[in-house]
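The data block below is entry07.txt; it holds compact mmCIF, N, CA and C atoms.
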# COMPACT_ATOMS: atom_id res chain seq x y z
N MET A 1 -26.53 -43.09 66.65
CA MET A 1 -26.04 -41.73 66.52
C MET A 1 -26.59 -41.11 65.24
N ALA A 2 -26.96 -39.86 65.27
CA ALA A 2 -27.52 -39.17 64.11
C ALA A 2 -26.55 -39.24 62.94
N GLY A 3 -27.09 -39.49 61.78
CA GLY A 3 -26.28 -39.57 60.57
C GLY A 3 -25.75 -40.96 60.27
N GLU A 4 -25.69 -41.81 61.28
CA GLU A 4 -25.15 -43.17 61.11
C GLU A 4 -26.28 -44.14 60.77
N PRO A 5 -26.00 -45.13 59.91
CA PRO A 5 -27.04 -46.13 59.59
C PRO A 5 -27.54 -46.84 60.84
N GLN A 6 -28.82 -47.13 60.85
CA GLN A 6 -29.44 -47.84 61.97
C GLN A 6 -29.85 -49.23 61.49
N ALA A 7 -29.44 -50.26 62.22
CA ALA A 7 -29.67 -51.65 61.80
C ALA A 7 -31.14 -51.99 61.67
N ASP A 8 -32.01 -51.33 62.44
CA ASP A 8 -33.44 -51.65 62.42
C ASP A 8 -34.27 -50.69 61.55
N CYS A 9 -33.62 -49.89 60.71
CA CYS A 9 -34.30 -48.89 59.90
C CYS A 9 -34.50 -49.40 58.47
N LEU A 10 -35.76 -49.47 58.05
CA LEU A 10 -36.09 -49.92 56.70
C LEU A 10 -35.39 -49.07 55.64
N PHE A 11 -35.40 -47.76 55.81
CA PHE A 11 -34.81 -46.90 54.78
C PHE A 11 -33.28 -47.01 54.76
N CYS A 12 -32.66 -47.21 55.90
CA CYS A 12 -31.21 -47.47 55.91
C CYS A 12 -30.90 -48.75 55.14
N LYS A 13 -31.78 -49.74 55.27
CA LYS A 13 -31.60 -51.00 54.54
C LYS A 13 -31.78 -50.80 53.04
N ILE A 14 -32.69 -49.92 52.63
CA ILE A 14 -32.83 -49.61 51.21
C ILE A 14 -31.58 -48.91 50.71
N VAL A 15 -31.07 -47.95 51.47
CA VAL A 15 -29.84 -47.25 51.09
C VAL A 15 -28.68 -48.25 50.91
N ALA A 16 -28.61 -49.23 51.81
CA ALA A 16 -27.53 -50.23 51.77
C ALA A 16 -27.75 -51.30 50.70
N GLY A 17 -28.91 -51.30 50.06
CA GLY A 17 -29.20 -52.31 49.05
C GLY A 17 -29.66 -53.63 49.63
N GLU A 18 -29.99 -53.65 50.92
CA GLU A 18 -30.43 -54.88 51.58
C GLU A 18 -31.91 -55.16 51.38
N VAL A 19 -32.69 -54.12 51.07
CA VAL A 19 -34.13 -54.24 50.82
C VAL A 19 -34.37 -53.64 49.44
N PRO A 20 -35.08 -54.37 48.57
CA PRO A 20 -35.31 -53.84 47.22
C PRO A 20 -36.27 -52.66 47.21
N ALA A 21 -36.05 -51.79 46.25
CA ALA A 21 -36.94 -50.65 46.02
C ALA A 21 -36.81 -50.26 44.56
N THR A 22 -37.82 -49.61 44.03
CA THR A 22 -37.76 -49.12 42.66
C THR A 22 -37.14 -47.73 42.69
N ILE A 23 -35.83 -47.70 42.53
CA ILE A 23 -35.04 -46.47 42.64
C ILE A 23 -35.23 -45.64 41.37
N VAL A 24 -35.51 -44.35 41.54
CA VAL A 24 -35.62 -43.45 40.40
C VAL A 24 -34.46 -42.46 40.36
N LYS A 25 -33.77 -42.28 41.47
CA LYS A 25 -32.61 -41.38 41.52
C LYS A 25 -31.72 -41.80 42.68
N ASP A 26 -30.43 -41.79 42.43
CA ASP A 26 -29.44 -42.17 43.44
C ASP A 26 -28.25 -41.25 43.27
N THR A 27 -28.00 -40.38 44.25
CA THR A 27 -26.87 -39.46 44.18
C THR A 27 -25.94 -39.76 45.36
N GLU A 28 -24.97 -38.92 45.52
CA GLU A 28 -24.04 -39.08 46.64
C GLU A 28 -24.74 -38.92 47.99
N THR A 29 -25.81 -38.10 48.02
CA THR A 29 -26.44 -37.77 49.30
C THR A 29 -27.85 -38.30 49.50
N ILE A 30 -28.57 -38.59 48.41
CA ILE A 30 -29.98 -39.00 48.54
C ILE A 30 -30.29 -40.23 47.69
N VAL A 31 -31.39 -40.87 48.04
CA VAL A 31 -31.98 -41.92 47.22
C VAL A 31 -33.47 -41.58 47.09
N ALA A 32 -34.00 -41.73 45.88
CA ALA A 32 -35.43 -41.52 45.64
C ALA A 32 -35.99 -42.80 45.04
N PHE A 33 -37.13 -43.22 45.58
CA PHE A 33 -37.74 -44.47 45.12
C PHE A 33 -39.25 -44.38 45.20
N ARG A 34 -39.91 -45.21 44.40
CA ARG A 34 -41.37 -45.20 44.35
C ARG A 34 -41.95 -45.77 45.65
N ASP A 35 -43.00 -45.11 46.14
CA ASP A 35 -43.69 -45.56 47.35
C ASP A 35 -44.43 -46.86 47.04
N ILE A 36 -44.39 -47.81 47.95
CA ILE A 36 -45.07 -49.10 47.71
C ILE A 36 -46.58 -49.00 47.91
N ASN A 37 -47.04 -47.90 48.48
CA ASN A 37 -48.48 -47.68 48.68
C ASN A 37 -48.81 -46.27 48.17
N PRO A 38 -48.75 -46.07 46.85
CA PRO A 38 -48.87 -44.71 46.31
C PRO A 38 -50.23 -44.07 46.58
N GLN A 39 -50.18 -42.79 46.89
CA GLN A 39 -51.37 -42.00 47.16
C GLN A 39 -51.68 -41.04 46.01
N ALA A 40 -50.87 -41.12 44.95
CA ALA A 40 -51.06 -40.30 43.76
C ALA A 40 -50.35 -41.03 42.62
N PRO A 41 -50.67 -40.68 41.37
CA PRO A 41 -49.98 -41.34 40.25
C PRO A 41 -48.45 -41.25 40.35
N THR A 42 -47.96 -40.11 40.81
CA THR A 42 -46.53 -39.97 41.13
C THR A 42 -46.43 -39.87 42.64
N HIS A 43 -45.81 -40.86 43.26
CA HIS A 43 -45.57 -40.84 44.71
C HIS A 43 -44.20 -41.45 44.93
N ILE A 44 -43.25 -40.57 45.16
CA ILE A 44 -41.86 -40.97 45.31
C ILE A 44 -41.36 -40.48 46.66
N LEU A 45 -40.62 -41.33 47.34
CA LEU A 45 -39.98 -40.94 48.60
C LEU A 45 -38.55 -40.51 48.29
N VAL A 46 -38.17 -39.37 48.82
CA VAL A 46 -36.82 -38.86 48.65
C VAL A 46 -36.21 -38.83 50.05
N ILE A 47 -35.13 -39.59 50.23
CA ILE A 47 -34.54 -39.73 51.56
C ILE A 47 -33.06 -39.40 51.53
N PRO A 48 -32.55 -38.86 52.64
CA PRO A 48 -31.10 -38.71 52.73
C PRO A 48 -30.48 -40.08 52.98
N LYS A 49 -29.29 -40.28 52.46
CA LYS A 49 -28.60 -41.55 52.73
C LYS A 49 -28.20 -41.64 54.20
N ALA A 50 -27.91 -40.51 54.81
CA ALA A 50 -27.59 -40.48 56.24
C ALA A 50 -28.88 -40.56 57.04
N HIS A 51 -28.82 -41.22 58.18
CA HIS A 51 -30.01 -41.42 59.00
C HIS A 51 -30.23 -40.25 59.97
N TYR A 52 -31.39 -39.64 59.82
CA TYR A 52 -31.90 -38.65 60.78
C TYR A 52 -33.35 -39.04 61.01
N ALA A 53 -33.81 -38.96 62.23
CA ALA A 53 -35.14 -39.48 62.58
C ALA A 53 -36.28 -38.79 61.87
N ASP A 54 -36.15 -37.49 61.61
CA ASP A 54 -37.25 -36.75 61.00
C ASP A 54 -36.72 -35.49 60.34
N ALA A 55 -37.60 -34.77 59.68
CA ALA A 55 -37.19 -33.58 58.93
C ALA A 55 -36.57 -32.51 59.82
N ALA A 56 -37.11 -32.31 61.01
CA ALA A 56 -36.57 -31.30 61.91
C ALA A 56 -35.15 -31.65 62.35
N SER A 57 -34.92 -32.93 62.67
CA SER A 57 -33.58 -33.37 63.06
C SER A 57 -32.60 -33.19 61.91
N LEU A 58 -33.03 -33.53 60.70
CA LEU A 58 -32.19 -33.37 59.51
C LEU A 58 -31.83 -31.91 59.30
N ALA A 59 -32.82 -31.04 59.33
CA ALA A 59 -32.57 -29.61 59.09
C ALA A 59 -31.66 -29.01 60.14
N SER A 60 -31.82 -29.43 61.38
CA SER A 60 -31.00 -28.90 62.47
C SER A 60 -29.56 -29.38 62.39
N ALA A 61 -29.37 -30.67 62.16
CA ALA A 61 -28.03 -31.26 62.19
C ALA A 61 -27.28 -31.14 60.87
N ALA A 62 -28.01 -31.12 59.76
CA ALA A 62 -27.36 -31.15 58.45
C ALA A 62 -28.14 -30.29 57.45
N PRO A 63 -28.13 -28.97 57.62
CA PRO A 63 -28.94 -28.12 56.76
C PRO A 63 -28.58 -28.24 55.27
N GLN A 64 -27.32 -28.45 54.94
CA GLN A 64 -26.96 -28.60 53.53
C GLN A 64 -27.55 -29.87 52.95
N LEU A 65 -27.59 -30.94 53.74
CA LEU A 65 -28.20 -32.18 53.29
C LEU A 65 -29.71 -32.00 53.11
N ALA A 66 -30.35 -31.25 53.99
CA ALA A 66 -31.78 -30.96 53.84
C ALA A 66 -32.01 -30.18 52.54
N ALA A 67 -31.14 -29.23 52.25
CA ALA A 67 -31.25 -28.47 51.00
C ALA A 67 -31.05 -29.38 49.79
N ASP A 68 -30.08 -30.29 49.87
CA ASP A 68 -29.86 -31.26 48.78
C ASP A 68 -31.11 -32.08 48.53
N LEU A 69 -31.74 -32.53 49.62
CA LEU A 69 -32.94 -33.35 49.50
C LEU A 69 -34.04 -32.57 48.77
N LEU A 70 -34.26 -31.33 49.14
CA LEU A 70 -35.30 -30.53 48.50
C LEU A 70 -34.97 -30.25 47.03
N ARG A 71 -33.71 -29.96 46.75
CA ARG A 71 -33.31 -29.72 45.37
C ARG A 71 -33.52 -30.97 44.52
N GLU A 72 -33.09 -32.10 45.04
CA GLU A 72 -33.24 -33.37 44.31
C GLU A 72 -34.72 -33.72 44.13
N ALA A 73 -35.56 -33.42 45.11
CA ALA A 73 -37.00 -33.66 44.97
C ALA A 73 -37.54 -32.86 43.79
N GLY A 74 -37.10 -31.62 43.65
CA GLY A 74 -37.51 -30.80 42.51
C GLY A 74 -37.04 -31.39 41.19
N GLU A 75 -35.83 -31.92 41.18
CA GLU A 75 -35.31 -32.55 39.96
C GLU A 75 -36.10 -33.81 39.61
N VAL A 76 -36.46 -34.59 40.63
CA VAL A 76 -37.27 -35.78 40.39
C VAL A 76 -38.63 -35.38 39.84
N ALA A 77 -39.22 -34.32 40.39
CA ALA A 77 -40.51 -33.84 39.88
C ALA A 77 -40.40 -33.49 38.40
N ALA A 78 -39.31 -32.85 38.00
CA ALA A 78 -39.11 -32.52 36.59
C ALA A 78 -38.94 -33.79 35.76
N GLU A 79 -38.17 -34.74 36.26
CA GLU A 79 -37.95 -36.00 35.54
C GLU A 79 -39.25 -36.78 35.39
N GLU A 80 -40.13 -36.68 36.38
CA GLU A 80 -41.43 -37.37 36.34
C GLU A 80 -42.49 -36.55 35.60
N LYS A 81 -42.10 -35.36 35.15
CA LYS A 81 -42.97 -34.48 34.37
C LYS A 81 -44.21 -34.00 35.13
N VAL A 82 -44.06 -33.77 36.42
CA VAL A 82 -45.15 -33.18 37.20
C VAL A 82 -44.83 -31.75 37.60
N ASP A 83 -43.65 -31.27 37.26
CA ASP A 83 -43.26 -29.92 37.66
C ASP A 83 -44.09 -28.84 36.99
N GLY A 84 -44.54 -29.09 35.78
CA GLY A 84 -45.33 -28.08 35.07
C GLY A 84 -46.75 -27.94 35.55
N VAL A 85 -47.32 -29.00 36.11
CA VAL A 85 -48.72 -28.97 36.55
C VAL A 85 -48.84 -28.82 38.06
N GLY A 86 -47.77 -29.03 38.77
CA GLY A 86 -47.76 -28.88 40.22
C GLY A 86 -47.57 -30.19 40.94
N TYR A 87 -46.92 -30.10 42.06
CA TYR A 87 -46.64 -31.26 42.90
C TYR A 87 -46.53 -30.80 44.34
N ARG A 88 -46.56 -31.74 45.22
CA ARG A 88 -46.48 -31.44 46.65
C ARG A 88 -45.32 -32.22 47.25
N ILE A 89 -44.61 -31.59 48.17
CA ILE A 89 -43.57 -32.25 48.97
C ILE A 89 -44.05 -32.23 50.41
N VAL A 90 -44.16 -33.42 51.01
CA VAL A 90 -44.70 -33.55 52.36
C VAL A 90 -43.68 -34.24 53.26
N PHE A 91 -43.45 -33.67 54.42
CA PHE A 91 -42.65 -34.31 55.47
C PHE A 91 -43.60 -34.59 56.63
N ASN A 92 -43.80 -35.85 56.98
CA ASN A 92 -44.55 -36.20 58.18
C ASN A 92 -43.53 -36.32 59.31
N THR A 93 -43.76 -35.61 60.39
CA THR A 93 -42.82 -35.62 61.50
C THR A 93 -43.55 -36.06 62.77
N GLY A 94 -43.25 -37.26 63.22
CA GLY A 94 -43.86 -37.83 64.41
C GLY A 94 -45.04 -38.73 64.05
N SER A 95 -45.30 -39.69 64.92
CA SER A 95 -46.36 -40.66 64.65
C SER A 95 -47.74 -40.00 64.56
N GLY A 96 -47.97 -38.93 65.30
CA GLY A 96 -49.24 -38.23 65.24
C GLY A 96 -49.51 -37.58 63.89
N ALA A 97 -48.44 -37.37 63.12
CA ALA A 97 -48.57 -36.79 61.78
C ALA A 97 -48.52 -37.86 60.70
N GLY A 98 -48.44 -39.12 61.11
CA GLY A 98 -48.45 -40.21 60.14
C GLY A 98 -47.08 -40.77 59.78
N GLN A 99 -46.03 -40.31 60.46
CA GLN A 99 -44.70 -40.87 60.17
C GLN A 99 -44.64 -42.29 60.70
N THR A 100 -44.32 -43.23 59.82
CA THR A 100 -44.23 -44.64 60.22
C THR A 100 -42.81 -45.19 60.12
N VAL A 101 -41.97 -44.55 59.32
CA VAL A 101 -40.56 -44.92 59.25
C VAL A 101 -39.78 -43.72 59.77
N PHE A 102 -39.04 -43.92 60.83
CA PHE A 102 -38.38 -42.81 61.51
C PHE A 102 -36.97 -42.59 60.97
N HIS A 103 -36.96 -42.31 59.68
CA HIS A 103 -35.79 -41.89 58.90
C HIS A 103 -36.36 -40.75 58.06
N ALA A 104 -35.79 -39.56 58.16
CA ALA A 104 -36.33 -38.40 57.45
C ALA A 104 -36.60 -38.74 56.00
N HIS A 105 -37.76 -38.34 55.50
CA HIS A 105 -38.09 -38.57 54.10
C HIS A 105 -39.17 -37.61 53.65
N ALA A 106 -39.08 -37.26 52.38
CA ALA A 106 -40.07 -36.40 51.75
C ALA A 106 -40.91 -37.24 50.82
N HIS A 107 -42.22 -37.03 50.88
CA HIS A 107 -43.14 -37.63 49.93
C HIS A 107 -43.30 -36.62 48.79
N LEU A 108 -42.98 -37.01 47.58
CA LEU A 108 -43.20 -36.20 46.39
C LEU A 108 -44.46 -36.75 45.72
N LEU A 109 -45.50 -35.93 45.70
CA LEU A 109 -46.81 -36.35 45.18
C LEU A 109 -47.20 -35.48 44.01
N GLY A 110 -47.70 -36.11 42.96
CA GLY A 110 -48.16 -35.35 41.79
C GLY A 110 -48.95 -36.24 40.86
N GLY A 111 -49.41 -35.64 39.78
CA GLY A 111 -50.14 -36.39 38.78
C GLY A 111 -51.64 -36.43 38.99
N ARG A 112 -52.13 -35.72 39.99
CA ARG A 112 -53.57 -35.57 40.23
C ARG A 112 -53.78 -34.28 40.99
N GLY A 113 -55.02 -33.85 41.08
CA GLY A 113 -55.33 -32.66 41.86
C GLY A 113 -55.01 -32.90 43.33
N LEU A 114 -54.40 -31.95 43.95
CA LEU A 114 -54.04 -32.04 45.37
C LEU A 114 -54.77 -30.90 46.09
N GLU A 115 -55.84 -31.24 46.71
CA GLU A 115 -56.70 -30.24 47.35
C GLU A 115 -56.04 -29.65 48.60
N TRP A 116 -56.57 -28.50 49.01
CA TRP A 116 -56.11 -27.85 50.25
C TRP A 116 -57.32 -27.53 51.09
N PRO A 117 -57.31 -27.77 52.37
CA PRO A 117 -56.18 -28.33 53.11
C PRO A 117 -56.07 -29.83 52.89
N PRO A 118 -54.85 -30.36 53.08
CA PRO A 118 -54.64 -31.79 52.91
C PRO A 118 -55.29 -32.57 54.06
N GLY A 119 -55.50 -33.86 53.81
CA GLY A 119 -56.05 -34.85 54.71
C GLY A 119 -56.34 -34.44 56.07
Encoded form using C-alpha cells:
Amino acid sequence: MAGEPQADCLFCKIVAGEVPATIVKDTETIVAFRDINPQAPTHILVIPKAHYADAASLASAAPQLAADLLREAGEVAAEEKVDGVGYRIVFNTGSGAGQTVFHAHAHLLGGRGLEWPPG
C-alpha cells in the first residue's frame, strides 16, 4: 500500500536502519544520504520516509511530503555549500528514465559543472 514500508525495498530498509548509509540529514519526514555511486562531488539522495514508488505517485498522494522533500533538498544543498554555485535536483521516474530503486527519491547533484541538456 502506498506510504507503507515495503519489505523488499532498499530505501525502506535504510529508513528502518536495517541497511547502512551515510546519513547527512534525518527529519520526521525525510532521510538524506550519500549516493554509493556518486556522479558528482556532491551526490546525495533525498527520500521520503514513507514509501511511494516514484515522484509522480508521491506528488499525487502526498503533496505536502513532496514539498518537504524539495525544501529539505535545498537545505542539504546549503549545508553541503553547493547552493551558491548551483546544484541540480533530479527525479528519475520509471526504468526507462534510469530509476532502479522504486521508492521516490531525489538526486541532489553539485560541486561540478552540470551541462544542459543532461545525459
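Of the listed residues (A:Arg34, A:Arg71, A:Arg112, A:His105), A:His105 comes nearest to Val46 in chain A; the distances count only N, CA and C atoms.
Around range 90-104 of chain A, within 6 Å and counting only C-alpha atoms, the residues found are His51, Tyr52, Ala53, Asp54 and Ala55 of chain A, once anything fewer than 6 positions away on its own chain is removed.
You can rank A:His107, A:Arg88, A:Lys49, A:His43 by their closest distance to Val15 in chain A using only C-alpha atoms, and at the top of that list sits A:Lys49.
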note = Among A:Glu72, A:Glu79, A:Asp26, A:Glu115, Ile14 in chain A is approached most closely, using only C-alpha atoms, by A:Asp26
Please report, as JSON, the centre and edge lengths in Å to one decimal of an axis-aligned box covering all listed atoms of range 42-48 of chain A with 4 Å per side.
{"center_x": -39.2, "center_y": -40.1, "center_z": 46.9, "size_x": 25.5, "size_y": 10.7, "size_z": 20.2}
query = Separation of atom C of Gly86 in chain A and atom C of Gly110 in chain A, in Å?
reply = 6.2 Å
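Atom N of Ala106 in chain A lies 8.9 Å from atom N of Ala73 in chain A.
Going from CA of Leu114 in chain A over to atom N of Lys81 in chain A, you cover 16.1 Å.
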request  = Taking the DSSP assignment computed from this structure's backbone, write out as a PyMOL selection string all residues of chain A that belong to strand (DSSP E).
outcome  = chain A and resi 23-26+30-34+42-48+87-90+106-110
Go ahead and dump the residues you just picked, N, CA and C atoms, as a CSV table (one decimal), keeping the file's coordinate frame.
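Result saved to result_22.csv:
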chain,number,residue,atom,x,y,z
A,23,ILE,N,-35.8,-47.7,42.5
A,23,ILE,CA,-35.0,-46.5,42.6
A,23,ILE,C,-35.2,-45.6,41.4
A,24,VAL,N,-35.5,-44.4,41.5
A,24,VAL,CA,-35.6,-43.4,40.4
A,24,VAL,C,-34.5,-42.5,40.4
A,25,LYS,N,-33.8,-42.3,41.5
A,25,LYS,CA,-32.6,-41.4,41.5
A,25,LYS,C,-31.7,-41.8,42.7
A,26,ASP,N,-30.4,-41.8,42.4
A,26,ASP,CA,-29.4,-42.2,43.4
A,26,ASP,C,-28.2,-41.2,43.3
A,30,ILE,N,-28.6,-38.6,48.4
A,30,ILE,CA,-30.0,-39.0,48.5
A,30,ILE,C,-30.3,-40.2,47.7
A,31,VAL,N,-31.4,-40.9,48.0
A,31,VAL,CA,-32.0,-41.9,47.2
A,31,VAL,C,-33.5,-41.6,47.1
A,32,ALA,N,-34.0,-41.7,45.9
A,32,ALA,CA,-35.4,-41.5,45.6
A,32,ALA,C,-36.0,-42.8,45.0
A,33,PHE,N,-37.1,-43.2,45.6
A,33,PHE,CA,-37.7,-44.5,45.1
A,33,PHE,C,-39.2,-44.4,45.2
A,34,ARG,N,-39.9,-45.2,44.4
A,34,ARG,CA,-41.4,-45.2,44.4
A,34,ARG,C,-42.0,-45.8,45.6
A,42,THR,N,-48.0,-40.1,40.8
A,42,THR,CA,-46.5,-40.0,41.1
A,42,THR,C,-46.4,-39.9,42.6
A,43,HIS,N,-45.8,-40.9,43.3
A,43,HIS,CA,-45.6,-40.8,44.7
A,43,HIS,C,-44.2,-41.4,44.9
A,44,ILE,N,-43.2,-40.6,45.2
A,44,ILE,CA,-41.9,-41.0,45.3
A,44,ILE,C,-41.4,-40.5,46.7
A,45,LEU,N,-40.6,-41.3,47.3
A,45,LEU,CA,-40.0,-40.9,48.6
A,45,LEU,C,-38.6,-40.5,48.3
A,46,VAL,N,-38.2,-39.4,48.8
A,46,VAL,CA,-36.8,-38.9,48.6
A,46,VAL,C,-36.2,-38.8,50.0
A,47,ILE,N,-35.1,-39.6,50.2
A,47,ILE,CA,-34.5,-39.7,51.6
A,47,ILE,C,-33.1,-39.4,51.5
A,48,PRO,N,-32.6,-38.9,52.6
A,48,PRO,CA,-31.1,-38.7,52.7
A,48,PRO,C,-30.5,-40.1,53.0
A,87,TYR,N,-46.9,-30.1,42.1
A,87,TYR,CA,-46.6,-31.3,42.9
A,87,TYR,C,-46.5,-30.8,44.3
A,88,ARG,N,-46.6,-31.7,45.2
A,88,ARG,CA,-46.5,-31.4,46.6
A,88,ARG,C,-45.3,-32.2,47.2
A,89,ILE,N,-44.6,-31.6,48.2
A,89,ILE,CA,-43.6,-32.2,49.0
A,89,ILE,C,-44.0,-32.2,50.4
A,90,VAL,N,-44.2,-33.4,51.0
A,90,VAL,CA,-44.7,-33.6,52.4
A,90,VAL,C,-43.7,-34.2,53.3
A,106,ALA,N,-39.1,-37.3,52.4
A,106,ALA,CA,-40.1,-36.4,51.8
A,106,ALA,C,-40.9,-37.2,50.8
A,107,HIS,N,-42.2,-37.0,50.9
A,107,HIS,CA,-43.1,-37.6,49.9
A,107,HIS,C,-43.3,-36.6,48.8
A,108,LEU,N,-43.0,-37.0,47.6
A,108,LEU,CA,-43.2,-36.2,46.4
A,108,LEU,C,-44.5,-36.8,45.7
A,109,LEU,N,-45.5,-35.9,45.7
A,109,LEU,CA,-46.8,-36.4,45.2
A,109,LEU,C,-47.2,-35.5,44.0
A,110,GLY,N,-47.7,-36.1,43.0
A,110,GLY,CA,-48.2,-35.4,41.8
A,110,GLY,C,-49.0,-36.2,40.9
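Of the listed residues (A:Ala61, A:Ala66, A:Leu108, A:Ile89), A:Leu108 comes nearest to Ile44 in chain A; the distances count only N, CA and C atoms.
Distances here use all atoms listed in the file; by that measure, the residue among A:Ser57, A:Val85, A:Gly113, A:Pro48 closest to Thr29 in chain A is A:Pro48.
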task = Give me the residues within 7 Å of Ala50 in chain A as a PyMOL selection string, counting all atoms listed in the file and dropping any in the same chain fewer than 5 places off.
result = chain A and resi 2-5+29-30
N, CA and C atoms of the current selection, written as a CSV table (one decimal), keeping the file's coordinate frame:
chain,number,residue,atom,x,y,z
A,2,ALA,N,-27.0,-39.9,65.3
A,2,ALA,CA,-27.5,-39.2,64.1
A,2,ALA,C,-26.6,-39.2,62.9
A,3,GLY,N,-27.1,-39.5,61.8
A,3,GLY,CA,-26.3,-39.6,60.6
A,3,GLY,C,-25.8,-41.0,60.3
A,4,GLU,N,-25.7,-41.8,61.3
A,4,GLU,CA,-25.2,-43.2,61.1
A,4,GLU,C,-26.3,-44.1,60.8
A,5,PRO,N,-26.0,-45.1,59.9
A,5,PRO,CA,-27.0,-46.1,59.6
A,5,PRO,C,-27.5,-46.8,60.8
A,29,THR,N,-25.8,-38.1,48.0
A,29,THR,CA,-26.4,-37.8,49.3
A,29,THR,C,-27.8,-38.3,49.5
A,30,ILE,N,-28.6,-38.6,48.4
A,30,ILE,CA,-30.0,-39.0,48.5
A,30,ILE,C,-30.3,-40.2,47.7
Complete the atom set of range 33-39 of chain A to all heavy atoms and return it as a PDB file, keeping the file's coordinate frame.
ATOM      1  N   PHE A  33     -37.130 -43.220  45.580  1.00  0.00           N
ATOM      2  CA  PHE A  33     -37.740 -44.470  45.120  1.00  0.00           C
ATOM      3  C   PHE A  33     -39.250 -44.380  45.200  1.00  0.00           C
ATOM      4  O   PHE A  33     -39.807 -43.577  45.956  1.00  0.00           O
ATOM      5  CB  PHE A  33     -37.217 -45.675  45.929  1.00  0.00           C
ATOM      6  CG  PHE A  33     -37.345 -45.541  47.418  1.00  0.00           C
ATOM      7  CD1 PHE A  33     -38.453 -46.019  48.091  1.00  0.00           C
ATOM      8  CD2 PHE A  33     -36.344 -44.923  48.158  1.00  0.00           C
ATOM      9  CE1 PHE A  33     -38.563 -45.886  49.473  1.00  0.00           C
ATOM     10  CE2 PHE A  33     -36.440 -44.787  49.531  1.00  0.00           C
ATOM     11  CZ  PHE A  33     -37.558 -45.274  50.198  1.00  0.00           C
ATOM     12  N   ARG A  34     -39.910 -45.210  44.400  1.00  0.00           N
ATOM     13  CA  ARG A  34     -41.370 -45.200  44.350  1.00  0.00           C
ATOM     14  C   ARG A  34     -41.950 -45.770  45.650  1.00  0.00           C
ATOM     15  O   ARG A  34     -41.471 -46.772  46.168  1.00  0.00           O
ATOM     16  CB  ARG A  34     -41.869 -46.004  43.161  1.00  0.00           C
ATOM     17  CG  ARG A  34     -41.390 -45.382  41.858  1.00  0.00           C
ATOM     18  CD  ARG A  34     -42.201 -45.760  40.657  1.00  0.00           C
ATOM     19  NE  ARG A  34     -41.573 -45.189  39.464  1.00  0.00           N
ATOM     20  CZ  ARG A  34     -41.725 -43.943  39.051  1.00  0.00           C
ATOM     21  NH1 ARG A  34     -42.505 -43.120  39.712  1.00  0.00           N
ATOM     22  NH2 ARG A  34     -41.110 -43.505  37.968  1.00  0.00           N
ATOM     23  N   ASP A  35     -43.000 -45.110  46.140  1.00  0.00           N
ATOM     24  CA  ASP A  35     -43.690 -45.560  47.350  1.00  0.00           C
ATOM     25  C   ASP A  35     -44.430 -46.860  47.040  1.00  0.00           C
ATOM     26  O   ASP A  35     -45.038 -46.984  45.972  1.00  0.00           O
ATOM     27  CB  ASP A  35     -44.672 -44.486  47.819  1.00  0.00           C
ATOM     28  CG  ASP A  35     -45.181 -44.721  49.220  1.00  0.00           C
ATOM     29  OD1 ASP A  35     -45.882 -45.740  49.431  1.00  0.00           O
ATOM     30  OD2 ASP A  35     -44.897 -43.898  50.100  1.00  0.00           O
ATOM     31  N   ILE A  36     -44.390 -47.810  47.950  1.00  0.00           N
ATOM     32  CA  ILE A  36     -45.070 -49.100  47.710  1.00  0.00           C
ATOM     33  C   ILE A  36     -46.580 -49.000  47.910  1.00  0.00           C
ATOM     34  O   ILE A  36     -47.301 -49.918  47.535  1.00  0.00           O
ATOM     35  CB  ILE A  36     -44.480 -50.246  48.576  1.00  0.00           C
ATOM     36  CG1 ILE A  36     -44.669 -49.965  50.061  1.00  0.00           C
ATOM     37  CG2 ILE A  36     -43.037 -50.500  48.212  1.00  0.00           C
ATOM     38  CD1 ILE A  36     -44.352 -51.148  50.954  1.00  0.00           C
ATOM     39  N   ASN A  37     -47.040 -47.900  48.480  1.00  0.00           N
ATOM     40  CA  ASN A  37     -48.480 -47.680  48.680  1.00  0.00           C
ATOM     41  C   ASN A  37     -48.810 -46.270  48.170  1.00  0.00           C
ATOM     42  O   ASN A  37     -49.130 -45.372  48.949  1.00  0.00           O
ATOM     43  CB  ASN A  37     -48.836 -47.837  50.158  1.00  0.00           C
ATOM     44  CG  ASN A  37     -50.325 -47.710  50.407  1.00  0.00           C
ATOM     45  OD1 ASN A  37     -51.133 -47.953  49.529  1.00  0.00           O
ATOM     46  ND2 ASN A  37     -50.679 -47.292  51.611  1.00  0.00           N
ATOM     47  N   PRO A  38     -48.750 -46.070  46.850  1.00  0.00           N
ATOM     48  CA  PRO A  38     -48.870 -44.710  46.310  1.00  0.00           C
ATOM     49  C   PRO A  38     -50.230 -44.070  46.580  1.00  0.00           C
ATOM     50  O   PRO A  38     -51.266 -44.720  46.480  1.00  0.00           O
ATOM     51  CB  PRO A  38     -48.633 -44.898  44.806  1.00  0.00           C
ATOM     52  CG  PRO A  38     -48.918 -46.325  44.531  1.00  0.00           C
ATOM     53  CD  PRO A  38     -48.596 -47.076  45.798  1.00  0.00           C
ATOM     54  N   GLN A  39     -50.180 -42.790  46.890  1.00  0.00           N
ATOM     55  CA  GLN A  39     -51.370 -42.000  47.160  1.00  0.00           C
ATOM     56  C   GLN A  39     -51.680 -41.040  46.010  1.00  0.00           C
ATOM     57  O   GLN A  39     -52.617 -40.242  46.103  1.00  0.00           O
ATOM     58  CB  GLN A  39     -51.194 -41.217  48.459  1.00  0.00           C
ATOM     59  CG  GLN A  39     -50.929 -42.097  49.661  1.00  0.00           C
ATOM     60  CD  GLN A  39     -52.055 -43.081  49.911  1.00  0.00           C
ATOM     61  OE1 GLN A  39     -53.203 -42.688  50.071  1.00  0.00           O
ATOM     62  NE2 GLN A  39     -51.746 -44.370  49.927  1.00  0.00           N
TER      63      GLN A  39
END
